[in-house]
Amino acid sequence: MAIRGAIMVPHPPLIIPEVGGGQEKQIQATVDAYHKAARQAAAWKPETVVVLSPHSAMYADYFHISPGKGAEGDFGAFRAPQVKISVDYDTGFVKALCQETQARDIPAGTLGERDRRLDHGTMIPLWFLNHYMQDYQVVRIGLSGLPFSVHYQLGQCVLKTAQLLDRRIAVIGSGDLSHRLKADGPYGFAKEGPLYDEQIMDVMGSASFDRLFEFSEEFCEKAAECGHRSFVVLAGTLDLQAVKAQRLSHEGTFGVGYGVCTYETKGSDPKRNFLQQYEEKTKAQVRACREKEDAYVCLARQAVETYVRSGKRTLLPEDLPQEMTAGRAGVFVSIKEEGRLRGCIGTISPVQDCIAREIVENGISAASRDPRFDSIQPEELDKLIYSVDVLGETEKIDSADQLDVKRYGVVVKKGEKRGLLLPNLEGVDTPEQQIAIAKKKAGIPLWEQQVRLERFEVVRHF
């Protein structure tokens, strides 16, 4: 039996008539498509409905799965407390799913619930589904800040669990698209907003799930979407499955994108092994980068690999360029995995006796002491891409007008607090953004104007 199909749906509270008070009529195409998707899901006669919601408990490095025997919720937060939803959880499925994620070393489980009430990202799809069926159980899954590939693996675990238990399953990927489609929308307008909606509807409408991995996190953030990770998990639940995809609607009436698609499974298709394809492509990209890396990047990589595998510091190669062994400078080592920052530590001024040792020490720190991340593990080493920034001397400046985000990094100082941001970073487009991020890193309030600014140039090796 396993997974019969999946639906991709939005979750605007105003789509519920008691909340919308008539406004829902302005997105009638979405309402009609939602009903059609819900009827389709009901026609599969699922025993269990798996709901993927970005508004359930969300952690940076952990997937929260519904604990207990059931839950309920209402739309009181949206001035409609009379509209209530209650569900019984499929405790057997939850237990088996947690065992499957544990076997694959995916951080997921039933711990960490902060609010037992159902969230609106879960309730709205079920409100529609309840028009067409009532006798089903639910598994609610929250998202995380982990890479898209891990979300896809979580979906694979849902699929495997459904197969092991021989359950009829329907999956609901709950998520709005961009929130930046119009100037008068909730987050204003950004050019990435309409572009995201166009691209994601093309991907999801054709079930071209391999392309979900091509969206960078910076692009998704600028588009202010909230459903991308739901859609990636949904795709994982259909791994190796032939599907009939239908794009039912897309609207952006209120400045937020609402998309509805359905996917009905039609047997197996070994060519739809999208995660495997992505991992092979990623490894090829890493190999290509390493074939081109210079002495700076090569040393940073060797330092990290040696330390992660053995806990020891690498010896300096004898054939290093003279400027690396004779010169001194501040150095930042940045490490990325699947396009996401995995660690970055550096020194504004030199601490070691040469640039080479500065690279070694900061590379080790980036891999093991960046407080934003867990230490890098040996199994990650083949996925990592490195860059090394050698800093020039800092110079005082009077204002942001003397900055250029592509050319200069910035140091912001207030008393003993000091924050630094490197130049030419993806997602940082203005000096004001650059200064704001540096302030945040230093613990300086964003409203504080009495700060000292310095700029510097770097030589970037990658």
# chains A, B, ... in the order shown; residues from 1 in each chain; ligands from 1

call {"tool": "residues_around", "arguments": {"residues": "Ser216 (chain A)", "least_positions_apart": "6", "cutoff": "10 Å", "atoms": "only C-alpha atoms", "output": "VMD selection string"}}
result
chain A and resid 148 338 to 340

call {"tool": "select_by_dssp", "arguments": {"residues": "region 222-379 of chain A", "states": "strand (DSSP E or B)", "output": "PyMOL selection string"}}
result
chain A and resi 241-251+258-268+331-337+340-346

call {"tool": "atom_distance", "arguments": {"atom1": "CA of Lys312 (chain A)", "atom2": "CA of Phe332 (chain A)"}}
result
20.2 Å

call {"tool": "select_by_dssp", "arguments": {"residues": "region 11-170 of chain A", "states": "helix (DSSP H, G or I)", "output": "ChimeraX atom specification"}}
result
/A:13-15,17-20,23-43,76-78,91-103,120-129,148-165

call {"tool": "residues_around", "arguments": {"residues": "Arg140 (chain A)", "least_positions_apart": "5", "cutoff": "7 Å", "atoms": "only C-alpha atoms", "output": "PyMOL selection string"}}
result
chain A and resi 50-52+65-66

call {"tool": "closest_residue", "arguments": {"among": "A:Ile172, A:Ala96, A:Cys298, A:Leu381", "to": "Val260 (chain A)", "atoms": "only C-alpha atoms"}}
result
A:Ile172

call {"tool": "closest_residue", "arguments": {"among": "A:Phe213, A:Tyr296, A:Phe231, A:Tyr187", "to": "Ala356 (chain A)", "atoms": "only C-alpha atoms"}}
result
A:Tyr296

call {"tool": "residues_around", "arguments": {"residues": "Asp166 (chain A)", "least_positions_apart": "4", "cutoff": "10 Å", "atoms": "only C-alpha atoms", "output": "list in words"}}
result
Met1, Ala2, Ile3, Lys160, Thr161 and Ala162 of chain A

call {"tool": "closest_residue", "arguments": {"among": "A:Val304, A:Val333, A:Ile15, A:Ala295", "to": "Ile364 (chain A)", "atoms": "only C-alpha atoms"}}
result
A:Val304

call {"tool": "closest_atom_pairs", "arguments": {"of": "region 82-102 of chain A", "to": "region 68-76 of chain A", "cutoff": "12 Å", "atoms": "only C-alpha atoms", "output": "CSV"}}
result
residue,atom,partner,partner_atom,distance
A:Gln82,CA,A:Asp74,CA,7.0
A:Val83,CA,A:Asp74,CA,5.5
A:Lys84,CA,A:Asp74,CA,4.2
A:Ile85,CA,A:Gly73,CA,5.4
A:Ser86,CA,A:Glu72,CA,4.0
A:Val87,CA,A:Gly70,CA,5.5
A:Asp88,CA,A:Gly70,CA,4.2
A:Tyr89,CA,A:Gly70,CA,4.8
A:Asp90,CA,A:Lys69,CA,7.4
A:Thr91,CA,A:Lys69,CA,6.4
A:Gly92,CA,A:Lys69,CA,10.1
A:Phe93,CA,A:Lys69,CA,11.5
A:Val94,CA,A:Gly68,CA,9.5
A:Lys95,CA,A:Gly68,CA,10.6

call {"tool": "write_last_selection", "arguments": {"atoms": "N, CA, C and O atoms", "output": "mmCIF file, in the first residue's frame"}}
result
data_model
loop_
_atom_site.group_PDB
_atom_site.id
_atom_site.type_symbol
_atom_site.label_atom_id
_atom_site.label_comp_id
_atom_site.auth_asym_id
_atom_site.auth_seq_id
_atom_site.Cartn_x
_atom_site.Cartn_y
_atom_site.Cartn_z
ATOM 1 N N GLN A 82 -14.194 29.608 17.389
ATOM 2 C CA GLN A 82 -15.224 28.585 17.220
ATOM 3 C C GLN A 82 -14.848 27.523 16.199
ATOM 4 O O GLN A 82 -15.445 26.441 16.167
ATOM 5 N N VAL A 83 -13.845 27.807 15.367
ATOM 6 C CA VAL A 83 -13.395 26.827 14.376
ATOM 7 C C VAL A 83 -12.306 25.981 15.025
ATOM 8 O O VAL A 83 -11.213 26.480 15.330
ATOM 9 N N LYS A 84 -12.612 24.707 15.237
ATOM 10 C CA LYS A 84 -11.711 23.824 15.972
ATOM 11 C C LYS A 84 -11.343 22.608 15.123
ATOM 12 O O LYS A 84 -12.141 22.138 14.313
ATOM 13 N N ILE A 85 -10.137 22.104 15.343
ATOM 14 C CA ILE A 85 -9.660 20.886 14.694
ATOM 15 C C ILE A 85 -9.056 19.992 15.772
ATOM 16 O O ILE A 85 -8.270 20.463 16.607
ATOM 17 N N SER A 86 -9.398 18.714 15.754
ATOM 18 C CA SER A 86 -8.760 17.761 16.667
ATOM 19 C C SER A 86 -8.339 16.532 15.875
ATOM 20 O O SER A 86 -8.986 16.175 14.879
ATOM 21 N N VAL A 87 -7.255 15.902 16.302
ATOM 22 C CA VAL A 87 -6.728 14.752 15.575
ATOM 23 C C VAL A 87 -6.278 13.678 16.556
ATOM 24 O O VAL A 87 -5.920 13.962 17.706
ATOM 25 N N ASP A 88 -6.298 12.448 16.079
ATOM 26 C CA ASP A 88 -5.649 11.335 16.772
ATOM 27 C C ASP A 88 -4.343 11.049 16.049
ATOM 28 O O ASP A 88 -4.324 10.935 14.814
ATOM 29 N N TYR A 89 -3.256 10.953 16.805
ATOM 30 C CA TYR A 89 -1.962 10.659 16.196
ATOM 31 C C TYR A 89 -1.801 9.162 15.985
ATOM 32 O O TYR A 89 -2.292 8.342 16.774
ATOM 33 N N ASP A 90 -1.118 8.802 14.929
ATOM 34 C CA ASP A 90 -0.770 7.409 14.648
ATOM 35 C C ASP A 90 0.506 7.091 15.423
ATOM 36 O O ASP A 90 1.616 7.260 14.926
ATOM 37 N N THR A 91 0.346 6.656 16.658
ATOM 38 C CA THR A 91 1.498 6.441 17.536
ATOM 39 C C THR A 91 2.406 5.329 17.029
ATOM 40 O O THR A 91 3.625 5.383 17.215
ATOM 41 N N GLY A 92 1.825 4.324 16.379
ATOM 42 C CA GLY A 92 2.643 3.248 15.824
ATOM 43 C C GLY A 92 3.534 3.741 14.701
ATOM 44 O O GLY A 92 4.710 3.362 14.606
ATOM 45 N N PHE A 93 2.990 4.591 13.854
ATOM 46 C CA PHE A 93 3.781 5.144 12.759
ATOM 47 C C PHE A 93 4.885 6.048 13.308
ATOM 48 O O PHE A 93 6.028 6.011 12.835
ATOM 49 N N VAL A 94 4.528 6.872 14.286
ATOM 50 C CA VAL A 94 5.522 7.775 14.877
ATOM 51 C C VAL A 94 6.684 6.979 15.464
ATOM 52 O O VAL A 94 7.861 7.320 15.243
ATOM 53 N N LYS A 95 6.375 5.924 16.201
ATOM 54 C CA LYS A 95 7.433 5.104 16.808
ATOM 55 C C LYS A 95 8.333 4.495 15.732
ATOM 56 O O LYS A 95 9.569 4.549 15.839
#

call {"tool": "atom_distance", "arguments": {"atom1": "CA of Ala108 (chain A)", "atom2": "CA of Gly267 (chain A)"}}
result
28.3 Å

call {"tool": "closest_residue", "arguments": {"among": "A:Arg117, A:Arg460, A:Arg407, A:Arg342", "to": "Ile385 (chain A)", "atoms": "only C-alpha atoms"}}
result
A:Arg342

call {"tool": "residues_around", "arguments": {"residues": "region 396-400 of chain A", "least_positions_apart": "5", "cutoff": "6 Å", "atoms": "only C-alpha atoms", "output": "list in words"}}
result
Pro431, Leu453 and Glu454 of chain A

call {"tool": "closest_residue", "arguments": {"among": "A:Ala183, A:Ile169, A:Ala442, A:Ile348", "to": "Val256 (chain A)", "atoms": "only C-alpha atoms"}}
result
A:Ala183
